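Enquirer: What follows is the file target_21.tsv, containing TSV, N, CA and C atoms and all ligand atoms:
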```tsv
chain	number	residue	atom	x	y	z
A	13	MET	N	-3.56	139.77	87.45
A	13	MET	CA	-4.41	140.10	86.30
A	13	MET	C	-4.08	139.20	85.11
A	14	THR	N	-5.04	139.07	84.25
A	14	THR	CA	-4.80	138.24	83.08
A	14	THR	C	-4.05	139.02	82.01
A	15	GLU	N	-3.14	138.35	81.41
A	15	GLU	CA	-2.35	138.97	80.36
A	15	GLU	C	-3.15	138.96	79.07
A	16	GLU	N	-3.29	140.11	78.47
A	16	GLU	CA	-4.07	140.18	77.25
A	16	GLU	C	-3.28	139.71	76.04
A	17	LYS	N	-3.95	138.97	75.20
A	17	LYS	CA	-3.29	138.50	73.98
A	17	LYS	C	-3.18	139.65	72.99
A	18	THR	N	-2.09	139.64	72.30
A	18	THR	CA	-1.90	140.69	71.30
A	18	THR	C	-1.60	140.05	69.94
A	19	LYS	N	-1.78	140.87	68.94
A	19	LYS	CA	-1.42	140.46	67.58
A	19	LYS	C	-0.81	141.67	66.90
A	20	TYR	N	-0.31	141.45	65.72
A	20	TYR	CA	0.28	142.56	64.98
A	20	TYR	C	-0.64	142.97	63.84
A	21	CYS	N	-0.77	144.27	63.66
A	21	CYS	CA	-1.55	144.79	62.55
A	21	CYS	C	-0.87	144.43	61.25
A	22	HIS	N	-1.63	143.87	60.34
A	22	HIS	CA	-1.04	143.46	59.06
A	22	HIS	C	-0.67	144.67	58.20
A	23	GLN	N	-1.25	145.82	58.54
A	23	GLN	CA	-1.02	147.03	57.76
A	23	GLN	C	0.23	147.77	58.21
A	24	CYS	N	0.25	148.13	59.51
A	24	CYS	CA	1.35	148.95	60.01
A	24	CYS	C	2.27	148.22	60.97
A	25	GLY	N	1.88	147.03	61.39
A	25	GLY	CA	2.75	146.25	62.25
A	25	GLY	C	2.66	146.61	63.72
A	26	ALA	N	1.73	147.49	64.10
A	26	ALA	CA	1.58	147.86	65.49
A	26	ALA	C	1.05	146.69	66.31
A	27	MET	N	1.49	146.60	67.56
A	27	MET	CA	0.98	145.56	68.42
A	27	MET	C	-0.36	146.02	68.97
A	28	ILE	N	-1.39	145.23	68.73
A	28	ILE	CA	-2.74	145.62	69.12
A	28	ILE	C	-3.43	144.48	69.85
A	29	PRO	N	-4.45	144.80	70.63
A	29	PRO	CA	-5.17	143.73	71.32
A	29	PRO	C	-5.70	142.69	70.34
A	30	PHE	N	-5.60	141.43	70.75
A	30	PHE	CA	-5.94	140.31	69.89
A	30	PHE	C	-7.35	140.40	69.30
A	31	MET	N	-8.30	140.86	70.14
A	31	MET	CA	-9.69	140.87	69.71
A	31	MET	C	-10.08	142.09	68.89
A	32	ASP	N	-9.21	143.09	68.80
A	32	ASP	CA	-9.56	144.30	68.07
A	32	ASP	C	-9.79	144.04	66.59
A	33	ARG	N	-10.91	144.58	66.12
A	33	ARG	CA	-11.23	144.41	64.70
A	33	ARG	C	-10.53	145.48	63.85
A	34	TYR	N	-10.26	146.64	64.50
A	34	TYR	CA	-9.60	147.73	63.78
A	34	TYR	C	-8.34	148.13	64.52
A	35	CYS	N	-7.31	148.41	63.77
A	35	CYS	CA	-6.05	148.82	64.36
A	35	CYS	C	-6.19	150.23	64.94
A	36	PRO	N	-5.84	150.43	66.23
A	36	PRO	CA	-5.95	151.77	66.82
A	36	PRO	C	-4.93	152.74	66.22
A	37	ALA	N	-3.88	152.23	65.66
A	37	ALA	CA	-2.83	153.09	65.11
A	37	ALA	C	-3.17	153.59	63.71
A	38	CYS	N	-3.55	152.67	62.83
A	38	CYS	CA	-3.76	153.07	61.44
A	38	CYS	C	-5.21	152.85	60.98
A	39	ASN	N	-6.01	152.27	61.85
A	39	ASN	CA	-7.42	152.06	61.56
A	39	ASN	C	-7.69	151.02	60.48
A	40	ALA	N	-6.70	150.22	60.18
A	40	ALA	CA	-6.89	149.17	59.17
A	40	ALA	C	-7.75	148.06	59.75
A	41	LYS	N	-8.65	147.56	58.93
A	41	LYS	CA	-9.50	146.48	59.39
A	41	LYS	C	-8.69	145.19	59.51
A	42	GLN	N	-8.87	144.54	60.63
A	42	GLN	CA	-8.14	143.29	60.86
A	42	GLN	C	-9.01	142.11	60.44
A	43	GLY	N	-8.35	141.03	60.14
A	43	GLY	CA	-9.08	139.83	59.75
A	43	GLY	C	-9.99	139.36	60.86
A	44	ILE	N	-11.16	138.91	60.49
A	44	ILE	CA	-12.08	138.39	61.49
A	44	ILE	C	-11.57	137.03	61.94
A	45	ILE	N	-11.50	136.89	63.25
A	45	ILE	CA	-10.96	135.66	63.79
A	45	ILE	C	-12.08	134.64	63.91
A	46	SER	N	-12.04	133.64	63.08
A	46	SER	CA	-13.08	132.63	63.14
A	46	SER	C	-12.66	131.53	64.09
A	47	GLY	N	-13.48	131.35	65.12
A	47	GLY	CA	-13.20	130.30	66.09
A	47	GLY	C	-11.94	130.57	66.90
A	48	MET	N	-11.44	131.78	66.83
A	48	MET	CA	-10.29	132.22	67.63
A	48	MET	C	-8.96	131.55	67.28
A	49	GLU	N	-9.01	130.46	66.55
A	49	GLU	CA	-7.77	129.73	66.31
A	49	GLU	C	-7.24	129.97	64.91
A	50	PRO	N	-5.98	130.25	64.80
A	50	PRO	CA	-5.40	130.36	63.46
A	50	PRO	C	-5.45	128.99	62.79
A	51	ILE	N	-5.54	129.01	61.48
A	51	ILE	CA	-5.62	127.74	60.75
A	51	ILE	C	-4.28	127.01	60.89
A	52	LYS	N	-4.39	125.85	61.43
A	52	LYS	CA	-3.17	125.08	61.66
A	52	LYS	C	-2.84	124.21	60.47
A	53	GLU	N	-1.62	124.24	60.12
A	53	GLU	CA	-1.15	123.36	59.06
A	53	GLU	C	-0.89	121.98	59.65
A	54	ASP	N	-0.97	121.00	58.82
A	54	ASP	CA	-0.70	119.64	59.27
A	54	ASP	C	0.79	119.33	59.26
A	55	LYS	N	1.56	120.37	59.01
A	55	LYS	CA	3.00	120.18	58.94
A	55	LYS	C	3.54	119.54	60.21
A	56	GLY	N	4.44	118.65	60.02
A	56	GLY	CA	5.09	118.01	61.16
A	56	GLY	C	4.29	116.87	61.74
A	57	LYS	N	3.12	116.63	61.18
A	57	LYS	CA	2.33	115.52	61.67
A	57	LYS	C	2.56	114.30	60.80
A	58	SER	N	2.96	113.26	61.44
A	58	SER	CA	3.31	112.06	60.70
A	58	SER	C	2.08	111.26	60.30
A	59	PRO	N	1.99	110.89	59.01
A	59	PRO	CA	0.86	110.05	58.58
A	59	PRO	C	0.83	108.74	59.35
A	60	TRP	N	2.00	108.23	59.68
A	60	TRP	CA	2.05	106.93	60.36
A	60	TRP	C	1.57	107.02	61.78
A	61	THR	N	1.81	108.14	62.43
A	61	THR	CA	1.27	108.33	63.78
A	61	THR	C	-0.25	108.31	63.70
A	62	ALA	N	-0.78	109.00	62.68
A	62	ALA	CA	-2.23	109.03	62.48
A	62	ALA	C	-2.78	107.63	62.23
A	63	VAL	N	-2.06	106.86	61.44
A	63	VAL	CA	-2.48	105.49	61.13
A	63	VAL	C	-2.52	104.64	62.40
A	64	ILE	N	-1.46	104.73	63.19
A	64	ILE	CA	-1.39	103.94	64.42
A	64	ILE	C	-2.49	104.35	65.40
A	65	LEU	N	-2.72	105.66	65.51
A	65	LEU	CA	-3.78	106.15	66.41
A	65	LEU	C	-5.14	105.65	65.97
A	66	SER	N	-5.37	105.63	64.67
A	66	SER	CA	-6.66	105.17	64.16
A	66	SER	C	-6.85	103.67	64.38
A	67	PHE	N	-5.76	102.94	64.40
A	67	PHE	CA	-5.85	101.52	64.70
A	67	PHE	C	-6.22	101.30	66.16
A	68	LEU	N	-5.68	102.14	67.01
A	68	LEU	CA	-5.96	102.01	68.45
A	68	LEU	C	-7.41	102.35	68.75
A	69	ILE	N	-7.82	103.54	68.32
A	69	ILE	CA	-9.21	103.97	68.48
A	69	ILE	C	-9.66	104.55	67.15
A	70	THR	N	-10.73	103.99	66.62
A	70	THR	CA	-11.24	104.46	65.33
A	70	THR	C	-11.53	105.96	65.40
A	71	GLY	N	-10.95	106.71	64.50
A	71	GLY	CA	-11.18	108.15	64.45
A	71	GLY	C	-10.11	108.97	65.16
A	72	LEU	N	-9.30	108.32	65.97
A	72	LEU	CA	-8.28	109.06	66.74
A	72	LEU	C	-7.22	109.68	65.81
A	73	GLY	N	-6.91	108.97	64.76
A	73	GLY	CA	-5.95	109.50	63.79
A	73	GLY	C	-6.47	110.77	63.13
A	74	GLN	N	-7.78	110.78	62.84
A	74	GLN	CA	-8.42	111.95	62.24
A	74	GLN	C	-8.37	113.12	63.23
A	75	LEU	N	-8.60	112.80	64.49
A	75	LEU	CA	-8.57	113.82	65.54
A	75	LEU	C	-7.16	114.42	65.64
A	76	TYR	N	-6.19	113.57	65.58
A	76	TYR	CA	-4.78	113.97	65.63
A	76	TYR	C	-4.45	114.92	64.48
A	77	LEU	N	-5.08	114.68	63.33
A	77	LEU	CA	-4.84	115.52	62.15
A	77	LEU	C	-5.71	116.77	62.14
A	78	GLY	N	-6.50	116.94	63.20
A	78	GLY	CA	-7.33	118.14	63.31
A	78	GLY	C	-8.67	118.02	62.60
A	79	LYS	N	-9.01	116.82	62.17
A	79	LYS	CA	-10.30	116.61	61.50
A	79	LYS	C	-11.32	116.11	62.52
A	80	ARG	N	-11.82	117.06	63.30
A	80	ARG	CA	-12.70	116.69	64.41
A	80	ARG	C	-14.01	116.06	63.96
A	81	LYS	N	-14.62	116.66	62.94
A	81	LYS	CA	-15.91	116.14	62.46
A	81	LYS	C	-15.73	114.73	61.92
A	82	ARG	N	-14.70	114.58	61.14
A	82	ARG	CA	-14.40	113.29	60.55
A	82	ARG	C	-14.12	112.25	61.64
A	83	ALA	N	-13.38	112.67	62.63
A	83	ALA	CA	-13.07	111.78	63.75
A	83	ALA	C	-14.35	111.34	64.45
A	84	ALA	N	-15.25	112.30	64.65
A	84	ALA	CA	-16.52	112.01	65.32
A	84	ALA	C	-17.36	111.04	64.50
A	85	VAL	N	-17.38	111.27	63.18
A	85	VAL	CA	-18.15	110.39	62.29
A	85	VAL	C	-17.62	108.95	62.40
A	86	PHE	N	-16.33	108.82	62.36
A	86	PHE	CA	-15.74	107.48	62.45
A	86	PHE	C	-16.01	106.84	63.81
A	87	PHE	N	-15.76	107.61	64.85
A	87	PHE	CA	-15.88	107.07	66.20
A	87	PHE	C	-17.32	106.70	66.53
A	88	ILE	N	-18.21	107.66	66.33
A	88	ILE	CA	-19.62	107.44	66.68
A	88	ILE	C	-20.24	106.42	65.72
A	89	GLY	N	-19.89	106.55	64.44
A	89	GLY	CA	-20.39	105.61	63.45
A	89	GLY	C	-20.03	104.17	63.79
A	90	THR	N	-18.80	103.97	64.21
A	90	THR	CA	-18.35	102.62	64.57
A	90	THR	C	-19.11	102.11	65.80
A	91	LEU	N	-19.30	102.99	66.76
A	91	LEU	CA	-20.03	102.60	67.98
A	91	LEU	C	-21.48	102.22	67.66
A	92	ILE	N	-22.14	103.08	66.90
A	92	ILE	CA	-23.55	102.84	66.58
A	92	ILE	C	-23.72	101.58	65.73
A	93	LEU	N	-22.94	101.51	64.65
A	93	LEU	CA	-23.03	100.35	63.78
A	93	LEU	C	-22.65	99.07	64.53
A	94	GLY	N	-21.62	99.18	65.36
A	94	GLY	CA	-21.21	98.03	66.17
A	94	GLY	C	-22.34	97.58	67.08
A	95	GLY	N	-23.02	98.56	67.67
A	95	GLY	CA	-24.14	98.26	68.56
A	95	GLY	C	-25.29	97.60	67.83
A	96	VAL	N	-25.58	98.15	66.64
A	96	VAL	CA	-26.66	97.58	65.83
A	96	VAL	C	-26.32	96.15	65.40
A	97	LEU	N	-25.09	95.98	64.94
A	97	LEU	CA	-24.65	94.65	64.48
A	97	LEU	C	-24.66	93.62	65.61
A	98	SER	N	-24.33	94.07	66.82
A	98	SER	CA	-24.24	93.14	67.95
A	98	SER	C	-25.61	92.54	68.31
A	99	MET	N	-26.68	93.16	67.80
A	99	MET	CA	-28.02	92.64	68.09
A	99	MET	C	-28.33	91.42	67.23
A	100	SER	N	-27.72	91.35	66.08
A	100	SER	CA	-28.06	90.23	65.20
A	100	SER	C	-26.86	89.38	64.77
A	101	TYR	N	-25.67	89.82	65.15
A	101	TYR	CA	-24.50	89.04	64.75
A	101	TYR	C	-23.71	88.60	65.98
A	102	SER	N	-22.85	87.64	65.77
A	102	SER	CA	-22.04	87.12	66.87
A	102	SER	C	-20.96	88.14	67.26
A	103	GLN	N	-20.41	87.92	68.43
A	103	GLN	CA	-19.38	88.81	68.95
A	103	GLN	C	-18.16	88.85	68.02
A	104	GLU	N	-17.85	87.69	67.46
A	104	GLU	CA	-16.70	87.61	66.55
A	104	GLU	C	-16.94	88.47	65.31
A	105	GLN	N	-18.15	88.43	64.81
A	105	GLN	CA	-18.47	89.21	63.61
A	105	GLN	C	-18.42	90.71	63.90
A	106	VAL	N	-18.92	91.07	65.08
A	106	VAL	CA	-18.88	92.49	65.47
A	106	VAL	C	-17.43	92.93	65.66
A	107	MET	N	-16.63	92.05	66.25
A	107	MET	CA	-15.20	92.34	66.41
A	107	MET	C	-14.53	92.53	65.05
A	108	GLY	N	-14.93	91.68	64.12
A	108	GLY	CA	-14.42	91.77	62.76
A	108	GLY	C	-14.77	93.10	62.13
A	109	PHE	N	-15.99	93.53	62.39
A	109	PHE	CA	-16.44	94.83	61.89
A	109	PHE	C	-15.59	95.95	62.49
A	110	GLY	N	-15.32	95.84	63.80
A	110	GLY	CA	-14.49	96.84	64.48
A	110	GLY	C	-13.11	96.92	63.87
A	111	VAL	N	-12.54	95.76	63.57
A	111	VAL	CA	-11.21	95.71	62.95
A	111	VAL	C	-11.26	96.34	61.56
A	112	LEU	N	-12.31	96.01	60.82
A	112	LEU	CA	-12.49	96.57	59.47
A	112	LEU	C	-12.58	98.10	59.54
A	113	MET	N	-13.36	98.60	60.49
A	113	MET	CA	-13.50	100.06	60.65
A	113	MET	C	-12.18	100.69	61.03
A	114	ALA	N	-11.41	100.00	61.86
A	114	ALA	CA	-10.09	100.51	62.26
A	114	ALA	C	-9.19	100.62	61.03
A	115	PHE	N	-9.29	99.61	60.16
A	115	PHE	CA	-8.51	99.62	58.91
A	115	PHE	C	-8.90	100.80	58.04
A	116	ILE	N	-10.22	100.96	57.84
A	116	ILE	CA	-10.72	102.04	56.99
A	116	ILE	C	-10.29	103.39	57.57
A	117	SER	N	-10.46	103.52	58.88
A	117	SER	CA	-10.10	104.75	59.58
A	117	SER	C	-8.60	105.04	59.42
A	118	ALA	N	-7.80	104.00	59.53
A	118	ALA	CA	-6.34	104.14	59.41
A	118	ALA	C	-5.96	104.56	57.99
A	119	ILE	N	-6.59	103.93	57.01
A	119	ILE	CA	-6.30	104.28	55.60
A	119	ILE	C	-6.73	105.72	55.34
A	120	ASP	N	-7.91	106.07	55.85
A	120	ASP	CA	-8.43	107.42	55.69
A	120	ASP	C	-7.48	108.44	56.32
A	121	ALA	N	-7.00	108.13	57.52
A	121	ALA	CA	-6.08	109.03	58.23
A	121	ALA	C	-4.81	109.21	57.41
A	122	TYR	N	-4.34	108.13	56.82
A	122	TYR	CA	-3.13	108.20	56.02
A	122	TYR	C	-3.34	109.09	54.79
A	123	MET	N	-4.52	108.94	54.17
A	123	MET	CA	-4.84	109.74	52.98
A	123	MET	C	-4.92	111.22	53.34
A	124	ILE	N	-5.55	111.54	54.47
A	124	ILE	CA	-5.65	112.94	54.90
A	124	ILE	C	-4.25	113.50	55.13
A	125	ALA	N	-3.44	112.74	55.85
A	125	ALA	CA	-2.09	113.20	56.20
A	125	ALA	C	-1.23	113.39	54.97
A	126	SER	N	-1.43	112.57	53.96
A	126	SER	CA	-0.58	112.70	52.78
A	126	SER	C	-1.12	113.71	51.77
A	127	ARG	N	-2.41	113.92	51.77
A	127	ARG	CA	-2.98	114.89	50.82
A	127	ARG	C	-3.24	116.26	51.44
A	128	LYS	N	-3.68	116.25	52.71
A	128	LYS	CA	-3.94	117.49	53.46
A	128	LYS	C	-4.93	118.41	52.76
A	129	SER	N	-5.88	117.85	52.08
A	129	SER	CA	-6.79	118.71	51.34
A	129	SER	C	-8.26	118.36	51.54
A	130	GLN	N	-8.55	117.51	52.51
A	130	GLN	CA	-9.94	117.16	52.77
A	130	GLN	C	-10.63	118.36	53.43
A	131	SER	N	-11.89	118.51	53.12
A	131	SER	CA	-12.58	119.68	53.65
A	131	SER	C	-13.23	119.44	55.01
A	132	ILE	N	-13.49	118.19	55.34
A	132	ILE	CA	-14.05	117.95	56.67
A	132	ILE	C	-13.10	117.12	57.50
B	201	ZN	ZN	-2.21	149.37	61.87
```
Let's see the structure in the file written out as structure tokens.

Expert:
Amino acid sequence: MTEEKTKYCHQCGAMIPFMDRYCPACNAKQGIISGMEPIKEDKGKSPWTAVILSFLITGLGQLYLGKRKRAAVFFIGTLILGGVLSMSYSQEQVMGFGVLMAFISAIDAYMIASRKSQSI
């Protein structure tokens, strides 16, 4: 059988099923779980790891920092713009654009990691 996840009631401390909205012991309303995941802090995540990841693949550093939307914008944006540019520019110029995007992505990742206050 599957093991049920539990959490603790913030009111009385009773162990209750993870999905329960109300504590069976004291009937206190529990916090609504948005997206099932507790908000993760960026603690312990190195800005430099994020920078290196973003250099490797544009947006990967953002993904590492938990900024999925931002990562997608960088990754998809680079692909689309790169594709558009490749129709009218040389391969070297498109490569240059890719490098530039990697730089921007890396700087952005560093800023997120050091400030930890971006909303997306
Ligand atoms: Zn309770």

Enquirer: Got a sec to check which residues lie within 10 Å of ligand ZN 201 (chain B), using only C-alpha atoms and all ligand atoms, and send them as a ChimeraX atom specification?

Expert: /A:20-28,34-42

Enquirer: Taking into account all atoms listed in the file, which residue in the set A:Gly71, A:Met99, A:Trp60, A:Lys19 is nearest to A:Phe87?

Expert: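 Of A:Gly71, A:Met99, A:Trp60, A:Lys19, the one nearest A:Phe87 is A:Gly71, counting all atoms listed in the file.
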
Enquirer: What gap, in Å, lies between atom CA of A:Thr90 and atom CA of A:Phe109?

Expert: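 Separation of atom CA of A:Thr90 and atom CA of A:Phe109: 8.5 Å.
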
Enquirer: Find the spatial neighbours of A:Ala114, counting all atoms listed in the file, within a cut-off of 7 Å - ignore same-chain residues fewer than 2 positions away - and output them as a list in words.

Expert: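 Listed by chain and then number, they are Ser66, Phe67, Leu68, Ile69, Thr70, Gly71, Phe109, Gly110, Val111, Leu112, Ile116, Ser117, Ala118 and Ile119 of chain A.
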
Enquirer: Give the helix (DSSP H, G or I) residues of chain A, as assigned by DSSP on the backbone, as a ChimeraX atom specification.

Expert: /A:59-68,72-76,80-100,103-127

Enquirer: Measuring atom to atom with only C-alpha atoms, identify which of A:Met113, A:Val63, A:Met107, A:Leu97 is nearest to A:Leu77.

Expert: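 Distance minimum relative to A:Leu77 lands on A:Val63.
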
Enquirer: What's the separation between atom CA of A:Val96 and atom CA of A:Ala83, in Å to one decimal place?

Expert: 19.8 Å

Enquirer: What is the distance, in Å and to one decimal place, between atom CA of A:Val106 and atom CA of A:Tyr76?

Expert: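 Atom CA of A:Tyr76 lies 25.7 Å from atom CA of A:Val106.
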
Enquirer: Taking all atoms listed in the file into account, name the residue in A:Gly89, A:Arg82, A:Gln103, A:Ala125 that is nearest to A:Lys57.

Expert: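 Nearest candidate to A:Lys57 out of A:Gly89, A:Arg82, A:Gln103, A:Ala125: A:Ala125.
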
Enquirer: Which of chain A counts as strand (DSSP E or B) under DSSP, as a list in words please?

Expert: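 Filtering chain A down to strand (DSSP E or B) leaves Thr18, Lys19, Tyr20, Met27, Ile28, Pro29, Tyr34 and Lys41 of chain A.
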